[in-house]
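Asks: Just dropping this structure here.
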Amino acid sequence: MTIRQLAVISAGLSQPSSTRMLGDRLAAATVARLEEKGVEVEVRTVELRDVAQDIMNNMLTGFASPKLEAVIDAVTNADGLIAVTPIFTTSYSGLFKSFFDVVDNRALTDMPVLIGATAGTARHSLALDYAIRPMFTYLHAVVVPTSVFAASEDWGSGADTIKTLPDRIDRAASELVPLVIASERSTTVRDPFGFDAALSAVGGGS
Amino acid sequence: MDSIFCWKAIMQFGIFSVGDITTDPTTGHTPTDASRLQDILTIAQHAEAVGLDVFAMGEHHNPPFFPSSPVAINSYLAAKTERIILSTATTLITTNDPVRIAEEYAMLQHLSGGRMDLTLGRGNTGPVYPWFGEDIRQGIPLALEKYALLRKLWREDVVDWEGQFRTPLQGFTSTPRPLDGVPPFVWHGSIRSPEIAEQAAYYGDGFFSNHIFWPASHTQKMVAFYRQRFEHYGHGRADQAIVGLGGQAFMRKNSQDAIREFRPYFDNAPVYGHGPSMEDFTSQTPLTVGSPQQVIDNTLGYRDYVGDYQRQLWLMDHAGLPLKTVLEQLDLLGGEVVPVLRREFAKNRPADVPEAPTHQALKAATERQDPAVPGAQGATYSVEVK
């Protein structure tokens, strides 16, 4: 089997960022399970703040800078995507949404996705299923059933002790792994000039 | 009529205007529709005076753009000029009735003595489609079907036709018939749609790549695709396809002066204003802000990624630049840039790469019954609407 490509996107803004930390934990759990199965994997982690201005410029000009284009290519050609955002004002951060707004809306079709989010309290946790999951569904990505929410207390003593953060991370990773193994995304050659099937050079219209 | 400029140019050089009404960010002055129209008429005539080959006018149906009818502007200019080719940038094939395009542009063809052609575009302003009773999601099918009818109206005296997007025609004759029996030359303009490059290739028409908003690598792919498909459809070799490019420049003798003077216009311009820095945009797109020599060098570089091509147009009169400045830009373009480009582009250009299309050349080819003449393709490139 070819080396699997795993992309991790973190829309965290601070450095260090708990959103990035959650992304890294999800990636580590996924990599560990893939390696258990003897599957080689390469991880590409992107902090969106590093291309934040490029994302906004892309919105205004319609094209991606070389730096952003490299990020978009890495994400859209991956076999699996771990996407983690902080919850701002009840939903994904504007930066997180803006990134997916500049990606071609067909480029994530069939992409295995694990979604995660962070916030100050667990009261925001449903944003994952009410805002972030529908966005990926719109993009025809395949989102695994378990999404992982980490409130500030999950990193310390106030954490859920029945279903702990590591338990949830491991469960989500176990759902993502078979999809990543089965994916042919990173090895598929795409025709940039592929037309809609309805286009034909035969006579008509007269 | 002087034949040097418009009939025998290996490559045509000119300007295009989108007709934006933009406040001059350095003075706060906003032109009226009336004054901007007069300025554009002056600019077009000055373009001829400085030796340029082409003036192309945009078509828009939404402020801050005023030119709803490029054919009216070009008809006026036809009477006021002697050599320059009057083109469009672009004529909206999606929302205009192809019967009216056939009639109006044939009229312009006669009025101008063949000094005209047109560039078809789809238009990317969402509400314009419903304002004209169309659906933007049908943009490509509209462009394909309406152009198929437009071709037919110019090539067949009596047309029976039925399609998806227009009331049927039975026994219709579009008048006036094309000048000398030669339909106007058509360029198909596109930023990003390979279907339009395919359409241009299918008919052996010209392909005009907007070029200015996106990185060169994108234009390179689109033009290469068009050339390959042009050859596939039997119009000639790939390097014989008819290619036009947009460009964008601001010049002063001293490049630092150009950068200083243009920056406020760049920073506030429609499209890219308040976005990337001018430095990023000049490094990532064909925009050149600098000396005439820098414009020469950059423009000559286009040939490296699109091959020998036929038409180069620049956007010079946008973003609120005052008339005086635009006329100075044209003086530099016509006086210092284009003469060098004509000489340099002619070097190492294979003799069998076609010259830029003109009415005279098309007429001569039609009389020779040259099978490779653009427009010889009889069938129709179309779509099945699901």
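Each chain in the structure tokens gets a letter, A, B, ..., in the order shown, and its residues are numbered from 1; ligands are numbered from 1 in order too.
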Compile the contact shell of stretch 290-297 of chain B as a list of chain:residue names: residues with an atom at most 7 Å away, counting only C-alpha atoms, same-chain residues fewer than 2 positions apart removed.
Replies: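 So the residues in contact are B:Ala249, B:Phe250, B:Met251, B:Arg252, B:Lys253, B:Asn254, B:Ser255, B:Gln256, B:Ala258, B:Ile259, B:Thr288, B:Thr299, B:Leu300, B:Gly301, B:Leu332, B:Glu336, B:Val337, B:Leu341.
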Asks: Take the residues from that selection and put them in a file with N, CA and C atoms, as a short mmCIF file (atom, residue, chain, number, x, y, z; two decimals), in the first residue's frame.
Replies:
```
data_model
loop_
_atom_site.label_atom_id
_atom_site.label_comp_id
_atom_site.auth_asym_id
_atom_site.auth_seq_id
_atom_site.Cartn_x
_atom_site.Cartn_y
_atom_site.Cartn_z
N ALA B 249 -1.00 47.49 -16.67
CA ALA B 249 0.28 48.15 -16.40
C ALA B 249 0.05 49.59 -15.97
N PHE B 250 0.98 50.08 -15.16
CA PHE B 250 1.05 51.51 -14.88
C PHE B 250 2.52 51.90 -14.96
N MET B 251 2.80 52.92 -15.78
CA MET B 251 4.20 53.25 -16.10
C MET B 251 4.54 54.70 -15.80
N ARG B 252 5.74 54.89 -15.35
CA ARG B 252 6.40 56.20 -15.38
C ARG B 252 7.85 55.94 -15.78
N LYS B 253 8.51 56.97 -16.26
CA LYS B 253 9.91 56.81 -16.69
C LYS B 253 10.72 56.15 -15.58
N ASN B 254 10.48 56.65 -14.37
CA ASN B 254 11.19 56.13 -13.21
C ASN B 254 10.24 55.18 -12.47
N SER B 255 10.66 53.94 -12.28
CA SER B 255 9.73 52.94 -11.74
C SER B 255 9.25 53.30 -10.34
N GLN B 256 10.10 53.95 -9.54
CA GLN B 256 9.67 54.34 -8.19
C GLN B 256 8.53 55.35 -8.25
N ALA B 258 6.28 55.43 -10.60
CA ALA B 258 5.09 54.66 -10.98
C ALA B 258 4.49 53.99 -9.76
N ILE B 259 5.34 53.40 -8.93
CA ILE B 259 4.86 52.68 -7.75
C ILE B 259 4.18 53.65 -6.78
N THR B 288 1.97 44.99 -14.02
CA THR B 288 3.30 45.58 -13.95
C THR B 288 3.16 47.04 -13.55
N THR B 299 6.01 41.74 -20.64
CA THR B 299 5.12 41.34 -21.73
C THR B 299 5.81 40.34 -22.64
N LEU B 300 7.08 40.57 -22.91
CA LEU B 300 7.81 39.60 -23.74
C LEU B 300 7.85 38.23 -23.06
N GLY B 301 7.82 38.24 -21.74
CA GLY B 301 7.83 36.98 -20.98
C GLY B 301 6.56 36.16 -21.16
N LEU B 332 3.08 56.57 -23.42
CA LEU B 332 4.21 55.68 -23.12
C LEU B 332 4.02 54.32 -23.81
N GLU B 336 6.78 54.10 -26.50
CA GLU B 336 7.99 53.40 -26.04
C GLU B 336 7.85 51.89 -25.95
N VAL B 337 6.65 51.43 -25.59
CA VAL B 337 6.52 49.99 -25.31
C VAL B 337 6.19 49.19 -26.57
N LEU B 341 7.92 45.99 -28.61
CA LEU B 341 7.25 44.68 -28.59
C LEU B 341 7.01 44.17 -30.01
#
```
Asks: Would you list, as a PyMOL selection string, the residues of stretch 243-273 of chain B that end up in helix (DSSP H, G or I) under DSSP run on this structure's backbone?
Replies: chain B and resi 255-268
Asks: Pick out the residues sitting within 8 Å of A:Ala117, and hand them over as a list in words; count only C-alpha atoms, and ignore anything fewer than 6 positions along from it in its own chain.
Replies: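 Contacts, with the query itself left out: Thr19, Leu22, Val84, Thr85, Pro86, Ile87, Ser125, Leu128, Val148, Phe149 and Ala150 of chain A.
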Asks: Based on the selection just made, write N, CA and C atoms of those residues as a CSV table (one decimal), in the first residue's frame.
Replies:
```csv
chain,number,residue,atom,x,y,z
A,19,THR,N,-6.5,24.3,20.5
A,19,THR,CA,-7.1,23.7,19.3
A,19,THR,C,-6.0,22.9,18.5
A,22,LEU,N,-5.4,19.7,20.4
A,22,LEU,CA,-6.4,18.6,20.1
A,22,LEU,C,-6.2,18.0,18.8
A,84,VAL,N,-10.0,20.9,13.1
A,84,VAL,CA,-10.3,21.3,14.5
A,84,VAL,C,-10.4,22.8,14.5
A,85,THR,N,-11.5,23.3,15.2
A,85,THR,CA,-11.7,24.8,15.3
A,85,THR,C,-12.0,25.1,16.7
A,86,PRO,N,-11.7,26.3,17.1
A,86,PRO,CA,-12.3,26.9,18.3
A,86,PRO,C,-13.7,27.3,18.0
A,87,ILE,N,-14.5,27.2,19.1
A,87,ILE,CA,-15.9,27.7,18.9
A,87,ILE,C,-16.0,29.2,19.3
A,125,SER,N,-20.6,22.3,23.1
A,125,SER,CA,-20.2,21.1,22.4
A,125,SER,C,-21.1,20.8,21.2
A,128,LEU,N,-20.4,21.3,17.2
A,128,LEU,CA,-19.8,20.3,16.3
A,128,LEU,C,-20.9,19.7,15.4
A,148,VAL,N,-15.0,15.2,18.4
A,148,VAL,CA,-14.4,15.3,19.7
A,148,VAL,C,-14.3,16.8,20.1
A,149,PHE,N,-15.0,17.0,21.3
A,149,PHE,CA,-15.0,18.4,21.8
A,149,PHE,C,-14.2,18.4,23.1
A,150,ALA,N,-13.3,19.4,23.2
A,150,ALA,CA,-12.5,19.5,24.4
A,150,ALA,C,-12.7,20.9,25.0
```
Asks: Can you pull out the residues contacting B:Met11? Cut-off 8 Å, using only C-alpha atoms, and skip same-chain residues under 4 positions away; I want them as an MDAnalysis selection string.
Replies: chainID B and resid 309:312 342 345 355:356
Asks: Residues at most 6 Å from stretch 106-117 of chain B, counting only C-alpha atoms, excluding those fewer than 6 positions away in the same chain, as a PyMOL selection string?
Replies: chain B and resi 75+78+85-87+178-179+184-185+359
Asks: May I have the residues from that selection written out with N, CA and C atoms, as a PDB file, in the first residue's frame?
Replies:
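Here's the written file part.pdb:
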```pdb
ATOM      1  N   SER B  75     -19.686  52.028 -32.589  1.00  0.00           N
ATOM      2  CA  SER B  75     -20.217  52.614 -33.829  1.00  0.00           C
ATOM      3  C   SER B  75     -19.832  54.086 -33.929  1.00  0.00           C
ATOM      4  N   ALA B  78     -16.228  54.216 -34.728  1.00  0.00           N
ATOM      5  CA  ALA B  78     -15.947  53.824 -36.123  1.00  0.00           C
ATOM      6  C   ALA B  78     -15.950  55.046 -37.024  1.00  0.00           C
ATOM      7  N   ILE B  85      -8.955  48.809 -34.711  1.00  0.00           N
ATOM      8  CA  ILE B  85      -9.994  47.778 -34.684  1.00  0.00           C
ATOM      9  C   ILE B  85     -10.814  47.956 -33.414  1.00  0.00           C
ATOM     10  N   LEU B  86     -12.134  47.948 -33.568  1.00  0.00           N
ATOM     11  CA  LEU B  86     -13.032  48.163 -32.440  1.00  0.00           C
ATOM     12  C   LEU B  86     -13.585  46.818 -31.999  1.00  0.00           C
ATOM     13  N   SER B  87     -13.238  46.443 -30.771  1.00  0.00           N
ATOM     14  CA  SER B  87     -13.623  45.131 -30.263  1.00  0.00           C
ATOM     15  C   SER B  87     -14.379  45.298 -28.948  1.00  0.00           C
ATOM     16  N   PRO B 178     -23.303  39.804 -43.429  1.00  0.00           N
ATOM     17  CA  PRO B 178     -21.931  40.230 -43.115  1.00  0.00           C
ATOM     18  C   PRO B 178     -21.213  40.863 -44.314  1.00  0.00           C
ATOM     19  N   LEU B 179     -20.387  41.831 -44.004  1.00  0.00           N
ATOM     20  CA  LEU B 179     -19.617  42.559 -45.013  1.00  0.00           C
ATOM     21  C   LEU B 179     -18.760  41.581 -45.833  1.00  0.00           C
ATOM     22  N   PRO B 184     -17.971  38.465 -38.782  1.00  0.00           N
ATOM     23  CA  PRO B 184     -17.007  39.064 -37.861  1.00  0.00           C
ATOM     24  C   PRO B 184     -16.213  37.996 -37.123  1.00  0.00           C
ATOM     25  N   PHE B 185     -14.945  38.291 -36.874  1.00  0.00           N
ATOM     26  CA  PHE B 185     -14.116  37.349 -36.113  1.00  0.00           C
ATOM     27  C   PHE B 185     -14.561  37.357 -34.649  1.00  0.00           C
ATOM     28  N   HIS B 359     -10.363  41.626 -40.878  1.00  0.00           N
ATOM     29  CA  HIS B 359     -11.376  41.399 -41.902  1.00  0.00           C
ATOM     30  C   HIS B 359     -10.722  41.094 -43.241  1.00  0.00           C
TER      31      HIS B 359
END
```
Asks: Kindly provide, as a ChimeraX atom specification, the residues of chain B having any atom no farther than 10 Å from an atom of chain A, counting only C-alpha atoms.
Replies: /B:140-141,144-146,148-149,152,159-165,168-169,193-195,197-199,202,213-215,218,221-222,225,270-277,280-281,283-285,378-386
Asks: Based on the selection just made, write N, CA and C atoms of those residues as a short mmCIF file (atom, residue, chain, number, x, y, z; two decimals), in the first residue's frame.
Replies:
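Writing done, so here's again.cif:
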```cif
data_model
loop_
_atom_site.label_atom_id
_atom_site.label_comp_id
_atom_site.auth_asym_id
_atom_site.auth_seq_id
_atom_site.Cartn_x
_atom_site.Cartn_y
_atom_site.Cartn_z
N ILE B 140 -22.90 28.19 -18.88
CA ILE B 140 -22.18 27.50 -19.97
C ILE B 140 -23.14 27.06 -21.08
N PRO B 141 -24.23 26.35 -20.74
CA PRO B 141 -25.17 25.98 -21.82
C PRO B 141 -25.69 27.20 -22.60
N LEU B 144 -22.97 28.33 -25.02
CA LEU B 144 -22.77 27.40 -26.14
C LEU B 144 -23.93 27.49 -27.13
N GLU B 145 -25.16 27.44 -26.63
CA GLU B 145 -26.29 27.45 -27.55
C GLU B 145 -26.43 28.78 -28.28
N LYS B 146 -26.29 29.86 -27.53
CA LYS B 146 -26.49 31.17 -28.16
C LYS B 146 -25.41 31.46 -29.19
N ALA B 148 -23.85 29.15 -30.94
CA ALA B 148 -24.14 28.28 -32.09
C ALA B 148 -25.15 28.97 -33.01
N LEU B 149 -26.15 29.61 -32.42
CA LEU B 149 -27.14 30.33 -33.25
C LEU B 149 -26.52 31.57 -33.90
N LYS B 152 -24.64 30.67 -36.94
CA LYS B 152 -25.54 30.25 -38.01
C LYS B 152 -26.16 31.48 -38.70
N VAL B 159 -32.46 31.09 -41.87
CA VAL B 159 -32.21 30.20 -40.73
C VAL B 159 -33.51 29.65 -40.16
N ASP B 160 -33.54 28.31 -40.03
CA ASP B 160 -34.55 27.64 -39.21
C ASP B 160 -33.82 27.15 -37.97
N TRP B 161 -34.35 27.42 -36.82
CA TRP B 161 -33.60 27.07 -35.61
C TRP B 161 -34.55 26.85 -34.45
N GLU B 162 -34.15 25.92 -33.58
CA GLU B 162 -34.90 25.70 -32.36
C GLU B 162 -33.94 25.29 -31.27
N GLY B 163 -34.08 25.90 -30.10
CA GLY B 163 -33.17 25.57 -28.99
C GLY B 163 -33.88 25.67 -27.66
N GLN B 164 -33.08 25.63 -26.59
CA GLN B 164 -33.63 25.64 -25.23
C GLN B 164 -33.94 27.05 -24.74
N PHE B 165 -33.18 28.02 -25.21
CA PHE B 165 -33.15 29.31 -24.52
C PHE B 165 -33.76 30.47 -25.30
N PRO B 168 -38.18 29.78 -31.13
CA PRO B 168 -37.68 29.23 -32.39
C PRO B 168 -37.73 30.25 -33.54
N LEU B 169 -36.92 30.00 -34.55
CA LEU B 169 -36.90 30.82 -35.76
C LEU B 169 -37.28 29.94 -36.95
N SER B 193 -13.01 28.91 -17.27
CA SER B 193 -13.85 27.80 -17.71
C SER B 193 -13.24 27.07 -18.90
N PRO B 194 -12.79 25.83 -18.71
CA PRO B 194 -12.24 25.08 -19.84
C PRO B 194 -13.27 24.83 -20.94
N GLU B 195 -14.56 24.82 -20.58
CA GLU B 195 -15.60 24.61 -21.60
C GLU B 195 -15.53 25.70 -22.67
N ALA B 197 -12.77 27.42 -23.52
CA ALA B 197 -11.58 27.15 -24.34
C ALA B 197 -11.89 26.05 -25.35
N GLU B 198 -12.63 25.06 -24.91
CA GLU B 198 -13.03 23.95 -25.79
C GLU B 198 -13.92 24.48 -26.92
N GLN B 199 -14.85 25.35 -26.59
CA GLN B 199 -15.74 25.93 -27.59
C GLN B 199 -14.95 26.71 -28.63
N TYR B 202 -13.10 24.28 -30.80
CA TYR B 202 -13.99 23.51 -31.67
C TYR B 202 -14.26 24.26 -32.98
N PHE B 213 -6.27 38.75 -13.64
CA PHE B 213 -6.70 38.59 -12.26
C PHE B 213 -6.04 37.39 -11.59
N TRP B 214 -5.52 36.48 -12.38
CA TRP B 214 -5.04 35.24 -11.80
C TRP B 214 -3.57 35.01 -12.16
N PRO B 215 -2.94 34.06 -11.46
CA PRO B 215 -1.52 33.81 -11.74
C PRO B 215 -1.29 33.28 -13.15
N HIS B 218 -2.07 29.67 -14.30
CA HIS B 218 -3.44 29.33 -14.68
C HIS B 218 -3.68 29.63 -16.16
N LYS B 221 -2.08 27.02 -18.39
CA LYS B 221 -2.84 25.77 -18.52
C LYS B 221 -4.02 25.94 -19.47
N MET B 222 -4.74 27.06 -19.32
CA MET B 222 -5.93 27.28 -20.16
C MET B 222 -5.54 27.41 -21.63
N PHE B 225 -4.39 24.10 -23.12
CA PHE B 225 -5.55 23.26 -23.38
C PHE B 225 -6.26 23.69 -24.67
N PRO B 270 -11.46 48.54 -7.64
CA PRO B 270 -12.41 47.42 -7.64
C PRO B 270 -11.62 46.13 -7.86
N VAL B 271 -12.17 45.04 -7.51
CA VAL B 271 -11.61 43.69 -7.66
C VAL B 271 -10.57 43.37 -6.59
N TYR B 272 -9.39 44.02 -6.63
CA TYR B 272 -8.36 43.59 -5.69
C TYR B 272 -8.08 44.60 -4.60
N GLY B 273 -8.73 45.75 -4.62
CA GLY B 273 -8.48 46.77 -3.62
C GLY B 273 -8.75 46.26 -2.21
N HIS B 274 -8.01 46.77 -1.25
CA HIS B 274 -8.15 46.40 0.16
C HIS B 274 -7.83 44.93 0.41
N GLY B 275 -7.17 44.31 -0.54
CA GLY B 275 -6.78 42.91 -0.40
C GLY B 275 -5.28 42.78 -0.35
N PRO B 276 -4.72 42.04 -1.30
CA PRO B 276 -3.27 41.81 -1.28
C PRO B 276 -2.50 43.13 -1.48
N SER B 277 -1.26 43.12 -1.05
CA SER B 277 -0.42 44.29 -1.29
C SER B 277 -0.10 44.39 -2.78
N ASP B 280 2.60 41.94 -3.62
CA ASP B 280 2.15 40.56 -3.80
C ASP B 280 1.45 40.40 -5.15
N PHE B 281 0.59 41.38 -5.47
CA PHE B 281 -0.21 41.23 -6.68
C PHE B 281 0.66 41.32 -7.93
N SER B 283 3.73 40.39 -8.09
CA SER B 283 4.55 39.18 -8.21
C SER B 283 3.72 37.96 -8.59
N GLN B 284 2.41 38.00 -8.27
CA GLN B 284 1.57 36.81 -8.50
C GLN B 284 0.72 36.89 -9.76
N THR B 285 0.55 38.09 -10.32
CA THR B 285 -0.27 38.24 -11.53
C THR B 285 0.52 39.08 -12.55
N GLY B 378 -18.42 23.38 -39.65
CA GLY B 378 -19.85 23.49 -39.93
C GLY B 378 -20.76 23.06 -38.81
N ALA B 379 -20.35 22.04 -38.04
CA ALA B 379 -21.26 21.49 -37.04
C ALA B 379 -21.38 22.41 -35.83
N THR B 380 -22.06 21.94 -34.84
CA THR B 380 -22.38 22.79 -33.71
C THR B 380 -21.90 22.17 -32.42
N TYR B 381 -21.16 22.93 -31.65
CA TYR B 381 -20.71 22.46 -30.34
C TYR B 381 -21.80 22.81 -29.35
N SER B 382 -22.28 21.82 -28.65
CA SER B 382 -23.47 22.10 -27.84
C SER B 382 -23.51 21.24 -26.59
N VAL B 383 -24.55 21.40 -25.84
CA VAL B 383 -24.73 20.58 -24.66
C VAL B 383 -26.12 19.98 -24.68
N GLU B 384 -26.23 18.85 -24.03
CA GLU B 384 -27.56 18.30 -23.78
C GLU B 384 -27.99 18.81 -22.43
N VAL B 385 -29.09 19.48 -22.40
CA VAL B 385 -29.58 20.01 -21.13
C VAL B 385 -30.34 18.91 -20.41
N LYS B 386 -29.87 18.62 -19.21
CA LYS B 386 -30.48 17.51 -18.47
C LYS B 386 -31.80 17.93 -17.86
#
```
Asks: Would you work out the distance separating atom CA of A:Thr2 from atom CA of A:Arg185, expressed in Å to one decimal?
Replies: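 The value is 11.4 Å.
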Asks: Which residues of stretch 51-134 of chain A sit at most 8 Å from stretch 180-183 of chain A, using only C-alpha atoms? Give each one's shortest atom pair and distance in Å (one decimal place), in chain and ascending residue order, as a Markdown table.
Replies:
```
| residue | atom | partner | partner_atom | distance |
| --- | --- | --- | --- | --- |
| A:Asp79 | CA | A:Val180 | CA | 5.3 |
| A:Gly80 | CA | A:Val180 | CA | 5.3 |
| A:Pro112 | CA | A:Val180 | CA | 6.6 |
```
Asks: Would you mind exporting the chosen residues as a tab-separated table (two decimals), in the first residue's frame, restricted to C-alpha atoms?
Replies:
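File produced: out-v1.tsv:
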```tsv
chain	number	residue	atom	x	y	z
A	79	ASP	CA	-6.66	10.45	2.29
A	80	GLY	CA	-8.11	11.83	5.48
A	112	PRO	CA	-12.89	11.06	5.32
```
Asks: Record the distance separating atom CA of B:Phe262 and atom CA of B:Thr23, expressed in Å with one decimal.
Replies: 14.1 Å
Asks: Taking into account only C-alpha atoms, which residue in the set B:Pro357, B:Gly320, B:Gly236, B:Pro183 is nearest to B:Asp157?
Replies: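 Using only C-alpha atoms, B:Asp157 sits closest to B:Pro183.
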